[in-house]
Amino acid sequence: MTKPKFAAMSKTELKGYLLENRNDTEAFHALMDKINAEPNPKFYTIDEIGELEKLIEAKRTRENL
């Protein structure tokens with residue numbers, strides 16, 4: 001069996017692949033490379049924890065639709 005081309009896969013595709021192939025470290029590293037390549041310009045302080053909780057809940061709600 002040949003391995004998929006992880007570099008050509010989207011993050012969503014890689015996540016799905018990893019759910020079915022949990023021991024594939026090459027795919028895991030490819031996913032981490034994609035995640036680390038994305039900028040993360042927003043950092044939250046302890047005073048902004050409520051806003052962060054709202055963002056997390058909104059993301060969970062969207063993913064469960």
# chains A, B, ... in the order shown; residues from 1 in each chain; ligands from 1
$ residues_around --residues "A:Ser10" --least-positions-apart "2" --cutoff "12 Å" --atoms "only C-alpha atoms" --output "number ranges by chain"
A: 4-8, 12-17, 27, 30-35
$ select_by_dssp --residues "chain A" --states "alpha helix (DSSP H)" --output "PyMOL selection string"
chain A and resi 11-20+25-37+49-63
$ closest_residue --among "A:Ile49, A:Arg60, A:Lys54, A:Asn21" --to "A:Lys3" --atoms "only C-alpha atoms"
A:Asn21
